[in-house]
Amino acid sequence: MTIRAVIRGVGHYLPERIVPNAEFAASLETSDEWIRTRSGIERRHFAAPGETTSDLALAAARAALADAGCAAGAVDAIVVATSTPDLTFPSVATMVQAGLGMTRGFAFDLQAVCAGFVYALANANAMILSGQARTVLVIGAETFSRILDWSDRTTCVLFGDGAGAVLVEAADGQGTPLDRGILATDLHSDGRFRDLLYVDGGVSSNGAVGVVRMQGKEVFRHAVEKLAETAHAALDTAGLTSADVDWIVPHQANLRIIASTAQRMQVPLERVVVTVQDHGNTSAASIPLALSVGKARGQIKCGDLLVLEAIGGGLAWGAVVLRW
């Protein structure tokens with residue numbers, strides 16, 4: 001008998017304010033057509049004044065618990081992937097823990113930017129396989145609207161705010177690729193590429209919050225190459241191939257990156273869950289958001305084989321292969 005980390009519930013939360021592309025044209029040299037052509041994004045959500053990352057994360061967590069039919073008291077651990085925490089410390093995860101009324105277990109944040117949810121899910125899997133926890137709430141939550149340069153049309157039009165969550169639980173499997181749950185993970189980083197995508201502020205550097213800086217063309221090149229490689233590596237570890245994949249659920253950064261990666265993996269775009277047009281790039285929140293929306297749409301069904309893959313600042317990237 002093999003222990004598997006199985007997703008029991010999924011949920012998401014989006015702030016009420018919807019920002020269409022046309023809204024940027026009033027202050028920037030841009031247009032709806034310019035943004036759509038280069039990114040596939042049509043609209044995104046921005047958090048309201050006073051609405052924090054922990055608020056978004058808590059709402060998504062409650063939705064995932066409700067979907068799983070699980071009480072918060074049964075959760076052993078909470079992992080929140082975010083690059084936009086409410087405070088330097090304490091962690092967003094402990095704020096969610098308090099918001100759920102949990103007085104047991106443990107909670108912590110993980111920072112791997114847009115790859116954060118993949119890293120967090122891999123960590124949850126490891127905790128379950130090691131016996132450290134049996135039930136883990138994994139959340140991706142961001143308020144990137146708070147760290148954007150509104151004069152830079154190459155970055156500020158790309159990002160949005162939101163949160164997604166999954167409840168992962170230990171279950172018995174047979175040790176085959178037919179098992180439900182996480183079948184393989186693959187994580188990488190390379191700090192030599194730090195300057196391709198970063199925030200120009202921090203506690204120990206200049207004491208400022210900073211804003212997003214990105215070399216778009218270079219990030220695009222690395223993304224397509226590295227995402228396909230990590231997805232294939234995770235599939236190989238699981239003893240599977242691209243032909244076995246029902247759905248790719250990618251980080252929702254750019255429709256051209258999503259399409260190019262799917263092409264390299266020889267998976268038709270019709271088998272890719274795409275939400276970037278409605279949410280923009282929500283960093284660590286994008287994959288769990290897409291999982292929740294994909295399930296709600298009726299795309300993702302029990303028994304489907306999924307590949308989750310993401311890349312973000314660091315550079316950090318990785319993939320998870322799981323059976324829903």
# chains A, B, ... in the order shown; residues from 1 in each chain; ligands from 1
$ residues_around --residues "stretch 106-115 of chain A" --least-positions-apart "6" --cutoff "8 Å" --atoms "only C-alpha atoms" --output "list in words"
Asp76, Ala77, Ile78, Val79, Val80, Ala81, Thr82, Ser83, Ser91, Val92, Ala93, Thr94, Gln97, His251, Thr282, Ser283, Ala284, Ala285, Ser286, Glu309, Ala310, Ile311, Gly312, Gly313, Gly314, Ala316, Trp317 and Gly318 of chain A
$ residues_around --residues "stretch 219-222 of chain A" --least-positions-apart "3" --cutoff "12 Å" --atoms "only C-alpha atoms" --output "PDB file with C-alpha atoms, in the first residue's frame"
ATOM      1  CA  ARG A  38       0.425  40.410 -26.434  1.00  0.00           C
ATOM      2  CA  SER A  39      -1.005  38.585 -23.434  1.00  0.00           C
ATOM      3  CA  SER A 189      15.472  27.343  -9.528  1.00  0.00           C
ATOM      4  CA  ASP A 190      18.402  29.321 -10.935  1.00  0.00           C
ATOM      5  CA  PHE A 193      18.378  34.974 -13.704  1.00  0.00           C
ATOM      6  CA  ARG A 194      17.214  37.120 -10.787  1.00  0.00           C
ATOM      7  CA  ASP A 195      17.240  40.366 -12.757  1.00  0.00           C
ATOM      8  CA  LEU A 196      14.784  39.088 -15.373  1.00  0.00           C
ATOM      9  CA  LEU A 197      11.839  39.378 -12.977  1.00  0.00           C
ATOM     10  CA  TYR A 198      11.998  41.008  -9.562  1.00  0.00           C
ATOM     11  CA  ARG A 213      10.385  44.942 -12.917  1.00  0.00           C
ATOM     12  CA  MET A 214      10.510  42.492 -15.803  1.00  0.00           C
ATOM     13  CA  GLN A 215      12.448  41.773 -18.980  1.00  0.00           C
ATOM     14  CA  GLY A 216       9.480  40.370 -20.845  1.00  0.00           C
ATOM     15  CA  GLU A 225      11.616  26.109 -22.566  1.00  0.00           C
ATOM     16  CA  LYS A 226      11.618  25.421 -18.823  1.00  0.00           C
ATOM     17  CA  LEU A 227       7.895  24.743 -18.425  1.00  0.00           C
ATOM     18  CA  ALA A 228       7.875  22.034 -21.083  1.00  0.00           C
ATOM     19  CA  GLU A 229      11.030  20.463 -19.632  1.00  0.00           C
ATOM     20  CA  THR A 230       9.752  20.339 -16.050  1.00  0.00           C
ATOM     21  CA  ALA A 253       0.736  34.524 -17.142  1.00  0.00           C
ATOM     22  CA  ASN A 254       0.388  34.936 -20.886  1.00  0.00           C
ATOM     23  CA  LEU A 255      -1.726  33.103 -23.461  1.00  0.00           C
ATOM     24  CA  ARG A 256       1.202  32.900 -25.890  1.00  0.00           C
ATOM     25  CA  ILE A 257       3.363  31.182 -23.262  1.00  0.00           C
ATOM     26  CA  ILE A 258       0.521  28.785 -22.448  1.00  0.00           C
ATOM     27  CA  ALA A 259      -0.034  27.917 -26.115  1.00  0.00           C
ATOM     28  CA  SER A 260       3.676  27.539 -26.907  1.00  0.00           C
ATOM     29  CA  THR A 261       4.246  25.270 -23.901  1.00  0.00           C
ATOM     30  CA  ALA A 310       4.600  27.314 -13.364  1.00  0.00           C
ATOM     31  CA  ILE A 311       7.601  29.635 -13.540  1.00  0.00           C
ATOM     32  CA  GLY A 312       8.286  32.832 -11.638  1.00  0.00           C
ATOM     33  CA  GLY A 313      10.928  35.194 -10.360  1.00  0.00           C
ATOM     34  CA  GLY A 314      14.083  33.620  -9.084  1.00  0.00           C
ATOM     35  CA  LEU A 315      13.925  32.119 -11.602  1.00  0.00           C
ATOM     36  CA  ALA A 316      11.939  29.341  -9.931  1.00  0.00           C
ATOM     37  CA  TRP A 317       9.887  26.759 -11.791  1.00  0.00           C
TER      38      TRP A 317
END
$ select_by_dssp --residues "stretch 93-249 of chain A" --states "strand (DSSP E)" --output "ChimeraX atom specification"
/A:106-110,135-143,161-173,181-189,197-199,212-214,247-249
$ closest_residue --among "A:Ala184, A:Asn21, A:Arg271, A:Val224" --to "A:Arg153" --atoms "only C-alpha atoms"
A:Asn21
$ decode --residues "stretch 78-187 of chain A" --atoms "C-alpha atoms" --output "mmCIF file, in the first residue's frame"
data_model
loop_
_atom_site.group_PDB
_atom_site.id
_atom_site.type_symbol
_atom_site.label_atom_id
_atom_site.label_comp_id
_atom_site.auth_asym_id
_atom_site.auth_seq_id
_atom_site.Cartn_x
_atom_site.Cartn_y
_atom_site.Cartn_z
ATOM 1 C CA ILE A 78 -1.799 25.428 6.234
ATOM 2 C CA VAL A 79 0.691 26.486 3.577
ATOM 3 C CA VAL A 80 0.156 29.836 1.865
ATOM 4 C CA ALA A 81 2.131 30.677 -1.278
ATOM 5 C CA THR A 82 2.385 34.444 -1.664
ATOM 6 C CA SER A 83 4.783 37.240 -2.581
ATOM 7 C CA THR A 84 2.434 39.958 -1.292
ATOM 8 C CA PRO A 85 1.843 39.249 2.413
ATOM 9 C CA ASP A 86 -0.149 41.608 4.614
ATOM 10 C CA LEU A 87 2.887 42.225 6.831
ATOM 11 C CA THR A 88 6.585 41.353 6.875
ATOM 12 C CA PHE A 89 5.535 39.025 9.688
ATOM 13 C CA PRO A 90 3.585 37.186 10.957
ATOM 14 C CA SER A 91 2.702 34.962 8.021
ATOM 15 C CA VAL A 92 -0.509 35.125 6.036
ATOM 16 C CA ALA A 93 -0.978 31.435 6.863
ATOM 17 C CA THR A 94 -1.243 32.114 10.596
ATOM 18 C CA MET A 95 -3.799 34.839 9.872
ATOM 19 C CA VAL A 96 -5.846 32.308 7.885
ATOM 20 C CA GLN A 97 -5.432 29.826 10.733
ATOM 21 C CA ALA A 98 -6.878 32.367 13.167
ATOM 22 C CA GLY A 99 -9.631 33.321 10.743
ATOM 23 C CA LEU A 100 -10.713 29.689 10.474
ATOM 24 C CA GLY A 101 -10.767 29.351 14.252
ATOM 25 C CA MET A 102 -8.004 26.731 14.268
ATOM 26 C CA THR A 103 -6.118 26.338 17.556
ATOM 27 C CA ARG A 104 -4.083 23.292 16.561
ATOM 28 C CA GLY A 105 -1.681 22.323 13.795
ATOM 29 C CA PHE A 106 0.795 24.678 12.148
ATOM 30 C CA ALA A 107 0.853 27.279 9.386
ATOM 31 C CA PHE A 108 3.524 28.999 7.309
ATOM 32 C CA ASP A 109 4.077 31.018 4.141
ATOM 33 C CA LEU A 110 6.178 29.967 1.169
ATOM 34 C CA GLN A 111 7.637 32.419 -1.344
ATOM 35 C CA ALA A 112 8.478 31.271 -4.864
ATOM 36 C CA VAL A 113 6.570 34.024 -6.688
ATOM 37 C CA CYS A 114 4.506 32.639 -9.604
ATOM 38 C CA ALA A 115 5.814 29.114 -8.969
ATOM 39 C CA GLY A 116 4.694 29.373 -5.350
ATOM 40 C CA PHE A 117 1.640 27.129 -5.547
ATOM 41 C CA VAL A 118 3.585 24.322 -7.244
ATOM 42 C CA TYR A 119 6.273 24.595 -4.548
ATOM 43 C CA ALA A 120 3.637 24.676 -1.793
ATOM 44 C CA LEU A 121 1.814 21.645 -3.181
ATOM 45 C CA ALA A 122 5.105 19.730 -3.420
ATOM 46 C CA ASN A 123 5.799 20.616 0.224
ATOM 47 C CA ALA A 124 2.331 19.486 1.283
ATOM 48 C CA ASN A 125 2.879 16.221 -0.567
ATOM 49 C CA ALA A 126 6.182 15.684 1.241
ATOM 50 C CA MET A 127 4.609 16.395 4.634
ATOM 51 C CA ILE A 128 1.866 13.863 3.970
ATOM 52 C CA LEU A 129 4.241 11.186 2.678
ATOM 53 C CA SER A 130 6.514 11.668 5.715
ATOM 54 C CA GLY A 131 3.634 11.486 8.174
ATOM 55 C CA GLN A 132 4.102 15.080 9.363
ATOM 56 C CA ALA A 133 0.469 15.832 8.455
ATOM 57 C CA ARG A 134 -2.559 14.033 7.085
ATOM 58 C CA THR A 135 -4.640 17.008 5.940
ATOM 59 C CA VAL A 136 -3.059 20.151 4.482
ATOM 60 C CA LEU A 137 -4.726 23.305 3.206
ATOM 61 C CA VAL A 138 -2.633 24.716 0.338
ATOM 62 C CA ILE A 139 -3.427 28.283 -0.719
ATOM 63 C CA GLY A 140 -2.105 30.673 -3.352
ATOM 64 C CA ALA A 141 -3.083 34.288 -2.683
ATOM 65 C CA GLU A 142 -1.851 37.604 -4.061
ATOM 66 C CA THR A 143 -2.579 41.343 -4.155
ATOM 67 C CA PHE A 144 -0.120 42.232 -6.924
ATOM 68 C CA SER A 145 -2.005 45.465 -7.586
ATOM 69 C CA ARG A 146 -0.118 46.820 -4.560
ATOM 70 C CA ILE A 147 3.321 46.382 -6.173
ATOM 71 C CA LEU A 148 2.796 47.650 -9.711
ATOM 72 C CA ASP A 149 4.330 50.637 -11.493
ATOM 73 C CA TRP A 150 1.279 52.290 -13.037
ATOM 74 C CA SER A 151 3.443 54.126 -15.564
ATOM 75 C CA ASP A 152 4.928 50.908 -16.991
ATOM 76 C CA ARG A 153 2.529 49.504 -19.562
ATOM 77 C CA THR A 154 4.654 46.364 -20.005
ATOM 78 C CA THR A 155 3.909 45.154 -16.469
ATOM 79 C CA CYS A 156 0.949 46.906 -14.840
ATOM 80 C CA VAL A 157 -1.590 45.604 -17.380
ATOM 81 C CA LEU A 158 -0.580 41.973 -16.810
ATOM 82 C CA PHE A 159 -1.347 41.328 -13.160
ATOM 83 C CA GLY A 160 -4.440 40.834 -11.035
ATOM 84 C CA ASP A 161 -5.462 39.889 -7.503
ATOM 85 C CA GLY A 162 -7.105 36.702 -6.269
ATOM 86 C CA ALA A 163 -6.771 33.503 -4.285
ATOM 87 C CA GLY A 164 -7.277 29.785 -4.776
ATOM 88 C CA ALA A 165 -7.032 26.868 -2.366
ATOM 89 C CA VAL A 166 -7.017 23.081 -2.292
ATOM 90 C CA LEU A 167 -7.470 20.687 0.599
ATOM 91 C CA VAL A 168 -5.014 17.791 0.325
ATOM 92 C CA GLU A 169 -5.495 14.627 2.356
ATOM 93 C CA ALA A 170 -3.585 11.386 2.872
ATOM 94 C CA ALA A 171 -5.172 8.339 1.226
ATOM 95 C CA ASP A 172 -4.173 4.785 0.411
ATOM 96 C CA GLY A 173 -3.069 3.998 -3.130
ATOM 97 C CA GLN A 174 -1.714 1.018 -5.022
ATOM 98 C CA GLY A 175 1.534 2.677 -6.036
ATOM 99 C CA THR A 176 0.593 2.869 -9.718
ATOM 100 C CA PRO A 177 -0.061 5.794 -12.099
ATOM 101 C CA LEU A 178 -3.770 4.972 -11.806
ATOM 102 C CA ASP A 179 -3.848 6.141 -8.183
ATOM 103 C CA ARG A 180 -5.674 9.335 -7.333
ATOM 104 C CA GLY A 181 -3.496 12.043 -5.854
ATOM 105 C CA ILE A 182 -0.059 13.513 -6.472
ATOM 106 C CA LEU A 183 2.020 11.117 -8.587
ATOM 107 C CA ALA A 184 5.198 13.190 -9.086
ATOM 108 C CA THR A 185 6.722 16.605 -8.479
ATOM 109 C CA ASP A 186 9.649 18.398 -10.118
ATOM 110 C CA LEU A 187 11.149 21.646 -8.751
#
